[in-house]
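Q: Submitted below is the structure of interest, expressed as structure tokens.
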Amino acid sequence: YLKQYFYQFEQLMQRFLPQLHNHFATNGVIPDIYATLWFMTIYTYKFPLSLTSWIWDIFLAEGTKIIFRVALALLKLKQTELLAAPFEDIMQLLRNFPEEIDEKKFIATVLSIKVTPEMLEELEDSYRNLPT
């Protein structure tokens, strides 16, 4: 499922953060490199406990869409810095997420990103139909 999630995330990034998506593509920054820990641990590895609990509550209630919304929110909040950075600096910024986080602003950003189950289902179908 991880490869599918990376595909879905990249497509969502193209939709919600097109400028950053293009910058990452130009610099060879792919989700496999930076989002593995995010997705595999569902954000338990480095987030404050209060945010981890909030994310897990939504994950248990609504499923995987919160994983994508959180990832998009992280990138959106750091978009200006990421757009100005070359590959090495992008990777350093991504490795240190979230260094410091304004929890209220972060939650508001996550909730503002409208990823629907239908979007994810459509992207899953698209992934399954990719040539192997």
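Labeling convention for the structure tokens: chains A, B, ... as they appear, residues from 1 per chain, ligands from 1 in order of appearance.
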Neighbours of Leu37 (chain A) within 12 Å (only C-alpha atoms; same-chain residues fewer than 3 positions away dropped), as a list in words?

A: Leu2, Phe6, Pro31, Asp32, Ile33, Tyr34, Met40, Thr41, Ile42, Tyr43, Thr44, Tyr45, Lys46, Phe47, Ile67, Ala71, Leu94, Arg95, Asn96 and Phe97 of chain A

Q: Taking a cut-off of 12 Å and counting only C-alpha atoms, can you build a table that, for each residue of region 30-105 of chain A near region 113-122 of chain A, reports the nearest atom pair and how far apart they are in Å (one decimal), sorted by chain then residue number, as JSON lines?

A:
```
{"residue": "A:Glu62", "atom": "CA", "partner": "A:Pro117", "partner_atom": "CA", "distance": 9.1}
{"residue": "A:Gly63", "atom": "CA", "partner": "A:Pro117", "partner_atom": "CA", "distance": 9.0}
{"residue": "A:Thr64", "atom": "CA", "partner": "A:Pro117", "partner_atom": "CA", "distance": 8.8}
{"residue": "A:Lys65", "atom": "CA", "partner": "A:Val115", "partner_atom": "CA", "distance": 6.5}
{"residue": "A:Ile66", "atom": "CA", "partner": "A:Val115", "partner_atom": "CA", "distance": 8.3}
{"residue": "A:Ile67", "atom": "CA", "partner": "A:Val115", "partner_atom": "CA", "distance": 10.1}
{"residue": "A:Phe68", "atom": "CA", "partner": "A:Val115", "partner_atom": "CA", "distance": 7.7}
{"residue": "A:Arg69", "atom": "CA", "partner": "A:Ile113", "partner_atom": "CA", "distance": 6.1}
{"residue": "A:Val70", "atom": "CA", "partner": "A:Ile113", "partner_atom": "CA", "distance": 8.8}
{"residue": "A:Ala71", "atom": "CA", "partner": "A:Ile113", "partner_atom": "CA", "distance": 10.3}
{"residue": "A:Leu72", "atom": "CA", "partner": "A:Ile113", "partner_atom": "CA", "distance": 7.7}
{"residue": "A:Ala73", "atom": "CA", "partner": "A:Ile113", "partner_atom": "CA", "distance": 7.4}
{"residue": "A:Leu74", "atom": "CA", "partner": "A:Ile113", "partner_atom": "CA", "distance": 11.2}
{"residue": "A:Leu75", "atom": "CA", "partner": "A:Ile113", "partner_atom": "CA", "distance": 11.7}
{"residue": "A:Lys76", "atom": "CA", "partner": "A:Ile113", "partner_atom": "CA", "distance": 9.9}
{"residue": "A:Leu77", "atom": "CA", "partner": "A:Ile113", "partner_atom": "CA", "distance": 12.0}
```

Q: Go through A:Tyr127, A:Phe106, A:Phe24, A:Phe59 one by one, measure the shortest atom-to-atom distance of each to Ile90 (chain A) using only C-alpha atoms, and give the residue with the smallest value.

A: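 So, comparing all the options, the nearest one is A:Phe24.
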
Q: Quick one: everything within 12 Å of Ile30 (chain A), counting only C-alpha atoms, minus sequence neighbours fewer than 6 positions away in the same chain. Send it as a count of residues only.

A: 17

Q: Enumerate the residues of region 5-108 of chain A with a DSSP assignment of alpha helix (DSSP H), computed from the backbone, and present them as a PyMOL selection string.

A: chain A and resi 5-16+18-27+31-34+36-41+49-62+65-77+79-83+87-95+103-108

Q: Could you tell me which of A:Leu51, A:Asn129, A:Thr109, A:Glu124 comes closest to Tyr1 (chain A) if we count only C-alpha atoms?

A: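 Closest to Tyr1 (chain A), using only C-alpha atoms: A:Glu124.
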
Q: Rank A:Tyr5, A:Leu123, A:Arg15, A:Asp89 by their smallest atom-to-atom distance to Ala35 (chain A), using only C-alpha atoms, and report the top residue only.

A: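 So, comparing all the options, the nearest one is A:Tyr5.
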
Q: To one decimal in Å, tell me the separation between CA of Glu88 (chain A) and CA of Ile107 (chain A).

A: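 The value is 28.1 Å.
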
Q: For the atom pair CA of Pro131 (chain A) and CA of Leu12 (chain A), what is the interatomic distance in Å to one decimal place?

A: 20.0 Å
